[in-house]
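*Asks:* Let me give you the structure first, and then I'll get to my questions.
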Amino acid sequence: MKTGSMIFSLLHVPRFRIQSLANCWGETFHSFSTTCGNNYNVRLLGSRIYGLQGGQRKKWTRPITTNIEGKGSTKSKSIKHEILSETILANATVNVNKRQLDKSQEIQYCDIQQEIAENKDLSSYTVIVFDIETTGFSRENERIIEIALRDLQGGENSTFQTLVNPQCKVPNSHIHGITTHMVNKPGVPRMEDLIPILLQYVRSREKPGGDVIFVAHNARCFDVPFIINELRRYSVEIPPNWLFLDTLPLARELIKSGGTTLSSTSLAALRDLYGIKVDGSAHRAMVDVNALSLILSRLTSDLKLTLSDLVKKSFTESDIINSKNKKKN
DNA sequence: TGCCAGGCCCTCTTTAGGGCCTT
């Protein structure tokens, strides 16, 4: 049995249970390793429960064990790093970081989600903030090594994060702290293994017949082209109900509007402007997702933007391709 | 030998150049 087909079989598990899906994946890998006689581990870093915006605080009881990996990993590293570096084994024991869960309780994304709830015309939208870490800037030559998502409606399974095995060296560990050793392991999912799970996760967050708006900083020029390229590499099309929103033009708009001390449009400058403290290593995907979720709420408030405005400012995969073709011509 | 990411925005702009943003 090939690993790829094995992963696809996971799509048969019920929707809305991505948590179980992750467990199932672990168990599947475990049975697979038993069958093949190989020592496979599962290191899926994601789909944990964050109680946000009215979501219930729950204890995550997925079988896991903690393993700090990488150069210079010490106990003095942040809680976030410990969480992100945990290694999930099919037969290990429970270890939940309650402090991390408590921290997440403090995050509020009320404005946008409230608008979705109150406006029937917008109730079909799902807003997901996401971020990727990569081996470099070139979408053609570099690979994604970490991906994190947060559905702003909160509740159970509102976040998804995982390392990705790029099957190549990681030359820029000094940026994000993710080393070749951490990702180039048989147990870390490759992109081709991850894509069906990722698609299933997003489907589980969608409203019936609704669109999904993916939000990232510099999404148009970096994150989205990377995602498109990775999916195309494995002949997977971007679902037609996926829209993308870039917060970088919103930051430019804020500067143009005046009345702000913001001098740069970087994520770090926006964090500083809004006094958002980084709990963990900046340039790790979920840390940046959490920060951007708060920044999005503040930006839309400052610019007096409604969700309708954000929908108008969003773009599709074909918008990117068309603008590329226009430039070629 | 030359290239090495690429799209957007601004300007000492106008089809060019440079800076910014993402890892």
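Every chain in the structure tokens takes a letter, A first, then B, and so on in the order presented; its residues are numbered from 1, and the ligands are numbered from 1 following the presented order.
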Go through chain B and flag each residue having an atom no more than 8 Å from chain A; for those, report the closest pair of atoms plus their distance in Å to one decimal, using only C-alpha atoms (C1' of nucleotides), ordered by chain and rising number, as JSON lines.
*Replies:*
{"residue": "B:DA5", "atom": "C1'", "partner": "A:Ser138", "partner_atom": "CA", "distance": 4.8}
{"residue": "B:DG6", "atom": "C1'", "partner": "A:Cys221", "partner_atom": "CA", "distance": 6.8}
{"residue": "B:DG7", "atom": "C1'", "partner": "A:Cys221", "partner_atom": "CA", "distance": 5.6}
{"residue": "B:DC21", "atom": "C1'", "partner": "A:Asn218", "partner_atom": "CA", "distance": 6.4}
{"residue": "B:DT22", "atom": "C1'", "partner": "A:Phe222", "partner_atom": "CA", "distance": 5.5}
{"residue": "B:DT23", "atom": "C1'", "partner": "A:Gly136", "partner_atom": "CA", "distance": 4.6}
*Asks:* Selection from above, C-alpha atoms (C1' of nucleotides), as a PDB file, in the first residue's frame, can you write it?
*Replies:*
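Written out: again.pdb:
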ATOM      1  C1'  DA B   5      11.276  36.011  -6.226  1.00  0.00           C
ATOM      2  C1'  DG B   6       7.872  38.732  -7.496  1.00  0.00           C
ATOM      3  C1'  DG B   7       3.992  41.849  -7.091  1.00  0.00           C
ATOM      4  C1'  DC B  21       6.729  42.810   2.176  1.00  0.00           C
ATOM      5  C1'  DT B  22       6.674  37.725   2.756  1.00  0.00           C
ATOM      6  C1'  DT B  23      10.574  33.099   4.426  1.00  0.00           C
TER       7       DT B  23
END
*Asks:* So that I can check the surroundings of Leu273 of chain A, please list as a list of chain:residue names every protein, DNA and RNA residue that reaches within 9 Å of it, counting only C-alpha atoms (C1' of nucleotides) and ignoring chain neighbours fewer than 2 positions away.
*Replies:*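 The neighbour list is A:Thr260, A:Thr261, A:Leu262, A:Ala268, A:Ala269, A:Leu270, A:Arg271, A:Gly275, A:Ile276.
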*Asks:* Using N, CA and C atoms, can you write the selected residues to a file as a short mmCIF file (atom, residue, chain, number, x, y, z; two decimals), in the first residue's frame?
*Replies:*
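Writing the result to part27.cif gives the following:
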data_model
loop_
_atom_site.label_atom_id
_atom_site.label_comp_id
_atom_site.auth_asym_id
_atom_site.auth_seq_id
_atom_site.Cartn_x
_atom_site.Cartn_y
_atom_site.Cartn_z
N THR A 260 -2.32 57.75 12.29
CA THR A 260 -1.69 56.58 12.89
C THR A 260 -0.19 56.78 12.96
N THR A 261 0.42 56.13 13.92
CA THR A 261 1.88 56.22 14.05
C THR A 261 2.57 55.11 13.25
N LEU A 262 1.76 54.32 12.56
CA LEU A 262 2.31 53.21 11.79
C LEU A 262 3.22 53.74 10.67
N ALA A 268 5.22 42.90 11.98
CA ALA A 268 5.83 43.30 13.25
C ALA A 268 5.40 44.71 13.64
N ALA A 269 5.37 45.60 12.63
CA ALA A 269 4.97 46.99 12.91
C ALA A 269 3.51 47.05 13.35
N LEU A 270 2.67 46.24 12.72
CA LEU A 270 1.25 46.20 13.09
C LEU A 270 1.07 45.63 14.49
N ARG A 271 1.90 44.62 14.82
CA ARG A 271 1.85 44.07 16.18
C ARG A 271 2.20 45.14 17.19
N GLY A 275 -0.08 46.83 20.12
CA GLY A 275 0.37 46.31 21.41
C GLY A 275 0.12 44.82 21.58
N ILE A 276 0.29 44.08 20.50
CA ILE A 276 0.08 42.62 20.57
C ILE A 276 1.38 41.94 20.95
#
*Asks:* List every residue of segment 99-280 of chain A that DSSP, applied to the backbone of this structure, assigns to helix (DSSP H, G or I), and report them as a ChimeraX atom specification.
*Replies:* /A:99-105,110-118,120-122,173-176,180-183,191-205,219-233,248-257,267-273
*Asks:* Using Å and a single decimal, report how far atom CA of Leu152 of chain A sits from atom CA of Ser293 of chain A.
*Replies:*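 Going from atom CA of Ser293 of chain A over to atom CA of Leu152 of chain A, I get 7.6 Å.
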*Asks:* Based on DSSP run over this structure's backbone, return all residues of segment 207-271 of chain A in strand (DSSP E or B), as a VMD selection string.
*Replies:* chain A and resid 212 to 216 242 to 246
*Asks:* Would you put the residues from that selection into a file with N, CA, C and O atoms, as a PDB file, in the first residue's frame?
*Replies:*
ATOM      1  N   VAL A 212     -15.204  30.489   1.588  1.00  0.00           N
ATOM      2  CA  VAL A 212     -14.191  30.593   2.640  1.00  0.00           C
ATOM      3  C   VAL A 212     -13.239  31.716   2.272  1.00  0.00           C
ATOM      4  O   VAL A 212     -12.727  31.756   1.148  1.00  0.00           O
ATOM      5  N   ILE A 213     -13.026  32.645   3.193  1.00  0.00           N
ATOM      6  CA  ILE A 213     -12.063  33.726   2.949  1.00  0.00           C
ATOM      7  C   ILE A 213     -10.806  33.432   3.744  1.00  0.00           C
ATOM      8  O   ILE A 213     -10.825  33.395   4.972  1.00  0.00           O
ATOM      9  N   PHE A 214      -9.704  33.212   3.030  1.00  0.00           N
ATOM     10  CA  PHE A 214      -8.412  32.964   3.671  1.00  0.00           C
ATOM     11  C   PHE A 214      -7.663  34.292   3.785  1.00  0.00           C
ATOM     12  O   PHE A 214      -7.487  34.991   2.789  1.00  0.00           O
ATOM     13  N   VAL A 215      -7.223  34.601   4.980  1.00  0.00           N
ATOM     14  CA  VAL A 215      -6.569  35.878   5.230  1.00  0.00           C
ATOM     15  C   VAL A 215      -5.106  35.657   5.605  1.00  0.00           C
ATOM     16  O   VAL A 215      -4.792  34.816   6.458  1.00  0.00           O
ATOM     17  N   ALA A 216      -4.213  36.397   4.967  1.00  0.00           N
ATOM     18  CA  ALA A 216      -2.792  36.328   5.326  1.00  0.00           C
ATOM     19  C   ALA A 216      -2.154  37.678   5.029  1.00  0.00           C
ATOM     20  O   ALA A 216      -2.703  38.482   4.258  1.00  0.00           O
ATOM     21  N   TRP A 242     -13.037  29.256  -2.618  1.00  0.00           N
ATOM     22  CA  TRP A 242     -11.958  29.845  -1.809  1.00  0.00           C
ATOM     23  C   TRP A 242     -11.657  31.266  -2.304  1.00  0.00           C
ATOM     24  O   TRP A 242     -11.339  31.490  -3.475  1.00  0.00           O
ATOM     25  N   LEU A 243     -11.760  32.214  -1.365  1.00  0.00           N
ATOM     26  CA  LEU A 243     -11.363  33.594  -1.646  1.00  0.00           C
ATOM     27  C   LEU A 243     -10.169  33.918  -0.763  1.00  0.00           C
ATOM     28  O   LEU A 243      -9.948  33.272   0.263  1.00  0.00           O
ATOM     29  N   PHE A 244      -9.417  34.928  -1.154  1.00  0.00           N
ATOM     30  CA  PHE A 244      -8.225  35.302  -0.390  1.00  0.00           C
ATOM     31  C   PHE A 244      -8.254  36.797  -0.085  1.00  0.00           C
ATOM     32  O   PHE A 244      -8.679  37.610  -0.921  1.00  0.00           O
ATOM     33  N   LEU A 245      -7.765  37.131   1.090  1.00  0.00           N
ATOM     34  CA  LEU A 245      -7.707  38.534   1.482  1.00  0.00           C
ATOM     35  C   LEU A 245      -6.302  38.836   1.987  1.00  0.00           C
ATOM     36  O   LEU A 245      -5.749  38.098   2.808  1.00  0.00           O
ATOM     37  N   ASP A 246      -5.735  39.911   1.468  1.00  0.00           N
ATOM     38  CA  ASP A 246      -4.387  40.334   1.852  1.00  0.00           C
ATOM     39  C   ASP A 246      -4.494  41.511   2.826  1.00  0.00           C
ATOM     40  O   ASP A 246      -5.139  42.523   2.523  1.00  0.00           O
TER      41      ASP A 246
END
*Asks:* Take atom CA of Gly259 of chain A and atom CA of Leu305 of chain A and report the distance between them in Å, one decimal.
*Replies:*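 Going from atom CA of Gly259 of chain A over to atom CA of Leu305 of chain A covers 16.3 Å.
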